[in-house]
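final.txt, holding compact mmCIF, C-alpha atoms:
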```
# COMPACT_ATOMS: atom_id res chain seq x y z
CA MET A 18 180.70 50.18 190.76
CA GLU A 19 178.83 49.36 187.55
CA SER A 20 175.22 50.42 187.06
CA ILE A 21 172.49 48.12 185.81
CA GLN A 22 172.18 50.14 182.61
CA ASN A 23 175.90 49.63 181.87
CA ASN A 24 176.04 45.93 182.69
CA GLU A 25 176.10 44.07 179.36
CA ALA A 26 174.67 40.82 180.75
CA ILE A 27 171.72 42.59 182.39
CA LYS A 28 171.14 44.72 179.28
CA GLY A 29 171.12 41.56 177.17
CA LEU A 30 168.66 39.85 179.51
CA PHE A 31 166.39 42.91 179.45
CA THR A 32 166.56 43.02 175.65
CA ASP A 33 165.69 39.32 175.36
CA LEU A 34 162.74 39.71 177.74
CA GLY A 35 161.51 43.08 176.45
CA ILE A 36 161.99 44.72 179.86
CA ASP A 37 162.32 48.49 180.12
CA PRO A 38 166.07 49.21 180.23
CA GLU A 39 165.48 51.68 183.09
CA TYR A 40 164.01 48.97 185.32
CA THR A 41 165.93 48.26 188.51
CA SER A 42 165.70 46.06 191.57
CA PRO A 43 167.91 45.56 194.63
CA VAL A 44 168.96 42.11 193.39
CA LEU A 45 169.99 43.40 189.97
CA GLU A 46 171.80 46.34 191.56
CA SER A 47 173.77 43.86 193.66
CA PHE A 48 174.61 41.78 190.58
CA ALA A 49 175.71 44.88 188.64
CA ALA A 50 177.81 46.24 191.52
CA THR A 51 179.82 43.03 191.72
CA ASN A 52 179.70 42.14 188.01
CA ASN A 53 178.14 38.88 189.14
CA LYS A 54 178.51 36.05 186.64
CA TYR A 55 175.14 34.59 187.55
CA VAL A 56 173.31 37.03 185.27
CA ARG A 57 175.06 35.48 182.25
CA ASP A 58 174.04 32.01 183.44
CA LEU A 59 170.49 33.18 184.02
CA LYS A 60 170.30 34.71 180.53
CA LEU A 61 171.62 31.49 178.95
CA ASN A 62 169.27 29.34 181.03
CA VAL A 63 166.22 31.42 180.12
CA THR A 64 167.11 31.50 176.42
CA GLY A 65 167.83 27.77 176.38
CA MET A 66 164.64 26.77 178.18
CA LEU A 67 162.37 28.98 176.07
CA ASN A 68 163.85 27.50 172.90
CA SER A 69 162.98 23.91 173.77
CA LYS A 70 163.09 21.57 170.80
CA ASN A 71 160.34 19.54 172.48
CA MET A 72 157.56 22.14 172.36
CA PRO A 73 156.43 25.13 170.31
CA LYS A 74 157.73 28.51 171.46
CA LYS A 75 154.19 29.72 172.19
CA GLU A 76 153.67 26.87 174.66
CA ALA A 77 157.02 27.54 176.36
CA LEU A 78 156.09 31.20 176.75
CA LEU A 79 152.64 30.42 178.16
CA LEU A 80 154.31 28.14 180.72
CA ALA A 81 156.74 30.95 181.56
CA LEU A 82 153.81 33.35 181.89
CA ALA A 83 152.04 30.97 184.29
CA ILE A 84 155.05 30.90 186.59
CA ALA A 85 155.54 34.67 186.46
CA VAL A 86 151.87 35.04 187.44
CA ASN A 87 152.23 32.36 190.11
CA GLU A 88 155.20 34.22 191.60
CA LYS A 89 153.36 37.57 191.40
CA ASN A 90 156.12 39.14 189.30
CA ASP A 91 154.44 41.97 187.38
CA VAL A 92 157.50 42.84 185.28
CA LEU A 93 157.90 39.29 183.97
CA THR A 94 154.15 38.76 183.67
CA ARG A 95 153.93 41.72 181.27
CA SER A 96 157.04 40.55 179.44
CA PHE A 97 155.94 36.96 178.91
CA GLU A 98 152.36 37.95 178.06
CA ALA A 99 153.56 40.30 175.30
CA TRP A 100 156.07 37.74 174.03
CA ALA A 101 153.49 34.93 174.01
CA ALA A 102 151.08 37.16 172.06
CA LYS A 103 153.82 37.84 169.49
CA GLU A 104 154.24 34.07 169.13
CA GLY A 105 150.53 33.65 168.39
CA ALA A 106 148.92 33.18 171.82
CA THR A 107 145.34 34.39 171.67
CA PRO A 108 143.72 36.59 174.33
CA ASP A 109 141.67 33.54 175.37
CA GLU A 110 144.82 31.43 175.83
CA ILE A 111 146.48 34.17 177.86
CA ALA A 112 143.38 34.61 180.05
CA GLU A 113 143.21 30.84 180.49
CA THR A 114 146.86 30.84 181.62
CA TYR A 115 145.88 33.28 184.39
CA ALA A 116 142.87 31.11 185.25
CA CYS A 117 144.90 27.90 185.31
CA THR A 118 147.44 29.52 187.64
CA SER A 119 144.70 30.67 189.99
CA LEU A 120 142.97 27.28 189.98
CA MET A 121 146.20 25.40 190.64
CA ASN A 122 146.93 27.63 193.60
CA VAL A 123 143.56 26.65 195.04
CA ASN A 124 144.11 22.95 194.35
CA ASN A 125 147.72 22.94 195.53
CA VAL A 126 146.74 24.29 198.95
CA LEU A 127 143.89 21.79 199.34
CA TYR A 128 145.80 18.73 198.17
CA ARG A 129 148.98 19.62 200.06
CA PHE A 130 146.83 19.86 203.20
CA ARG A 131 145.38 16.41 202.55
CA LYS A 132 148.87 15.01 201.99
CA TYR A 133 150.24 16.63 205.16
CA VAL A 134 147.51 15.27 207.43
CA GLY A 135 148.02 11.82 205.95
CA SER A 136 145.85 8.86 205.20
CA ASP A 137 144.58 8.67 208.80
CA ALA A 138 142.52 11.81 208.23
CA GLU A 139 139.64 9.94 206.64
CA TYR A 140 137.16 12.83 206.66
CA TYR A 141 139.48 15.21 204.80
CA ASN A 142 140.52 12.64 202.24
CA LYS A 143 137.04 11.31 201.48
CA THR A 144 135.16 14.60 201.43
CA PRO A 145 134.89 16.08 197.91
CA ALA A 146 136.75 19.32 197.32
CA GLY A 147 133.47 21.08 196.55
CA LEU A 148 135.17 23.42 194.11
CA ARG A 149 134.09 24.39 190.60
CA MET A 150 136.76 23.48 188.05
CA SER A 151 134.89 23.60 184.73
CA ILE A 152 137.85 25.27 183.02
CA MET A 153 139.66 21.92 183.16
CA MET A 154 137.06 20.15 181.04
CA SER A 155 137.64 21.78 177.64
CA PRO A 156 140.42 24.37 177.81
CA VAL A 157 140.91 26.64 174.80
CA MET A 158 144.66 26.00 174.89
CA GLY A 159 144.03 22.27 174.55
CA LYS A 160 143.91 19.60 177.23
CA GLN A 161 147.57 18.58 176.90
CA LEU A 162 148.96 22.09 177.42
CA PHE A 163 146.49 22.78 180.24
CA GLU A 164 147.58 19.60 182.02
CA LEU A 165 151.24 20.41 181.39
CA MET A 166 150.75 23.91 182.80
CA SER A 167 148.94 22.44 185.81
CA LEU A 168 151.86 20.07 186.35
CA VAL A 169 154.49 22.83 186.16
CA ILE A 170 152.61 25.13 188.55
CA SER A 171 152.08 22.24 190.96
CA ALA A 172 155.79 21.38 190.86
CA VAL A 173 156.73 25.00 191.57
CA ASN A 174 154.22 25.11 194.43
CA GLY A 175 155.45 21.81 195.86
CA CYS A 176 152.20 19.84 195.73
CA GLU A 177 153.19 16.17 195.45
CA SER A 178 149.64 14.86 194.94
CA CYS A 179 148.95 17.33 192.11
CA VAL A 180 152.33 16.64 190.47
CA VAL A 181 151.68 12.90 190.40
CA SER A 182 148.13 13.34 189.11
CA HIS A 183 148.95 15.89 186.38
CA GLU A 184 152.09 14.06 185.23
CA LYS A 185 149.97 10.96 184.64
CA SER A 186 147.26 12.99 182.94
CA VAL A 187 149.61 14.87 180.61
CA LYS A 188 151.11 11.54 179.49
CA GLU A 189 147.58 10.28 178.79
CA GLN A 190 147.16 13.38 176.60
CA GLY A 191 150.15 12.30 174.52
CA ALA A 192 153.03 14.30 175.99
CA GLU A 193 156.31 12.44 176.20
CA GLU A 194 158.89 12.67 178.97
CA PRO A 195 161.33 15.01 177.14
CA LYS A 196 158.55 17.60 176.73
CA ILE A 197 157.42 17.17 180.32
CA TYR A 198 160.97 17.52 181.62
CA ASP A 199 161.58 20.64 179.52
CA ALA A 200 158.35 22.13 180.88
CA ILE A 201 159.51 21.52 184.45
CA ARG A 202 162.88 23.08 183.63
CA ILE A 203 161.07 26.14 182.24
CA GLY A 204 159.13 26.42 185.50
CA ALA A 205 162.28 26.12 187.59
CA THR A 206 164.19 28.63 185.47
CA VAL A 207 161.40 31.20 185.48
CA LYS A 208 161.00 30.83 189.25
CA GLY A 209 164.71 31.60 189.56
CA LEU A 210 164.33 34.52 187.17
CA CYS A 211 161.49 35.88 189.31
CA ALA A 212 163.82 35.91 192.32
CA ALA A 213 166.29 38.06 190.37
CA ILE A 214 163.98 40.52 188.60
```
Write the structure described by the file as structure tokens, please.
Amino acid sequence: MESIQNNEAIKGLFTDLGIDPEYTSPVLESFAATNNKYVRDLKLNVTGMLNSKNMPKKEALLLALAIAVNEKNDVLTRSFEAWAAKEGATPDEIAETYACTSLMNVNNVLYRFRKYVGSDAEYYNKTPAGLRMSIMMSPVMGKQLFELMSLVISAVNGCESCVVSHEKSVKEQGAEEPKIYDAIRIGATVKGLCAAI
């Protein structure tokens, strides 16, 4: 039975992500014990997604950070925050990533509820949310990235109404479909990574 520290694929993934080589988890122990090929796929998927030709590395890493925060994965949150900072993300942009993630969790619950109860629930659908969302007006990371981040978080959280709204908005901010699709793939890949680490 191979240990995590001796598994080359896991070591490579940890090196890429800046994770302490002594870190362990039951999932990784299972992968190491069976020499599971998925770790290699995961490493390639993460590397490929974070090196999108359709967006700057800093943006890709801030999106990855948002999903790590969304999934409450402390190890990956620290990793992506440090990596984003190395790529030029400012403390304000990192703090705004945390804020955007929090705000989208609020909105995703509210708008999923409205969608679930349907159009017959007139009161719910016509009553304003009554929530402060001033951060959305002039984000320090720029409106396009903020909308893109909102879209990715909403997709991960399964909020159809928010996905439709933010996809339209991010296009209005000048993002094209290849960038949007890469952002969604980053979100999906990091969510999968969170399940493994």
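Distances to A:Met158 were evaluated for A:Ile111, A:Ala205, A:Cys176, A:Met66 using all atoms listed in the file, and the minimum falls at A:Ile111.
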Problem - Distance query 9 Å from (154.4, 25.9, 177.2) using all atoms listed in the file, result as a ChimeraX atom specification - result: /A:67,72-82,162,165-166,200,203
Against stretch 32-51 of chain A, which residues of stretch 57-150 of chain A fall within 9 Å? For each one I want the closest pair of atoms and the distance in Å (one decimal), counting only C-alpha atoms, rows by chain and increasing residue number, as JSON lines.
```
{"residue": "A:Lys60", "atom": "CA", "partner": "A:Asp33", "partner_atom": "CA", "distance": 8.3}
{"residue": "A:Thr64", "atom": "CA", "partner": "A:Asp33", "partner_atom": "CA", "distance": 8.0}
{"residue": "A:Val92", "atom": "CA", "partner": "A:Ile36", "partner_atom": "CA", "distance": 7.3}
{"residue": "A:Leu93", "atom": "CA", "partner": "A:Leu34", "partner_atom": "CA", "distance": 7.9}
{"residue": "A:Arg95", "atom": "CA", "partner": "A:Ile36", "partner_atom": "CA", "distance": 8.7}
{"residue": "A:Ser96", "atom": "CA", "partner": "A:Gly35", "partner_atom": "CA", "distance": 5.9}
{"residue": "A:Phe97", "atom": "CA", "partner": "A:Leu34", "partner_atom": "CA", "distance": 7.4}
{"residue": "A:Ala99", "atom": "CA", "partner": "A:Gly35", "partner_atom": "CA", "distance": 8.5}
{"residue": "A:Trp100", "atom": "CA", "partner": "A:Leu34", "partner_atom": "CA", "distance": 7.9}
```
Exercise for the section: May I have the residues at most 12 Å from (151.8, 33.7, 190.9) in the file's coordinates, counting all atoms listed in the file, as a ChimeraX atom specification? Expected result: /A:80-91,93-94,114-123,170-171,173-174,204,207-208,211
Practice task
Rounded to one decimal place, report the atom CA of A:Thr206-atom CA of A:Ile152 distance in Å.
Solution key: 26.7 Å
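Note that atom CA of A:Arg202 and atom CA of A:Gly65 are 10.0 Å apart.
Proximity to A:Phe163 was assessed for A:Thr107, A:Ser186, A:Asn24, A:Asn125 counting only C-alpha atoms; the smallest distance is recorded for A:Ser186.
One distance worth recording is that between atom CA of A:Leu30 and atom CA of A:Asn68, which is 14.8 Å.
Nearest residue to A:Gly191, choosing from A:Ser155, A:Gln161, A:Ser20, A:Asn62 and counting all atoms listed in the file: A:Gln161.
In terms of minimum interatomic distance to A:Gly209, A:Val56 ranks closest within A:Ala112, A:Val56, A:Val134, A:Leu148, counting only C-alpha atoms.
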Exercise for the section: Could you check which of A:Gly29, A:Gly175, A:Pro108, A:Pro195 is closest to A:Arg129, using all atoms listed in the file? Expected result: A:Gly175
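Residues within 9 Å of A:Ala146, counting only C-alpha atoms and excluding same-chain residues fewer than 5 positions away, are A:Asn124, A:Leu127, A:Tyr141.
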Around all the atoms of stretch 144-153 of chain A listed in the file, with 5 Å of room on each side, what axis-aligned box do you get, giving centre and edge lengths in Å to one decimal, as JSON?
```
{"center_x": 136.6, "center_y": 19.9, "center_z": 192.2, "size_x": 16.2, "size_y": 20.7, "size_z": 28.4}
```
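The list of residues with at least one atom within 8 Å of A:Lys132, based on all atoms listed in the file and without residues fewer than 3 positions apart in the same chain, reads Tyr128, Arg129, Gly135, Ser136, Glu177 and Ser178 of chain A.
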Problem - A:Asn142 surroundings by only C-alpha atoms, 7 Å radius, close-in-sequence under 3 positions cut, as a PyMOL selection string - result: chain A and resi 131+138-139
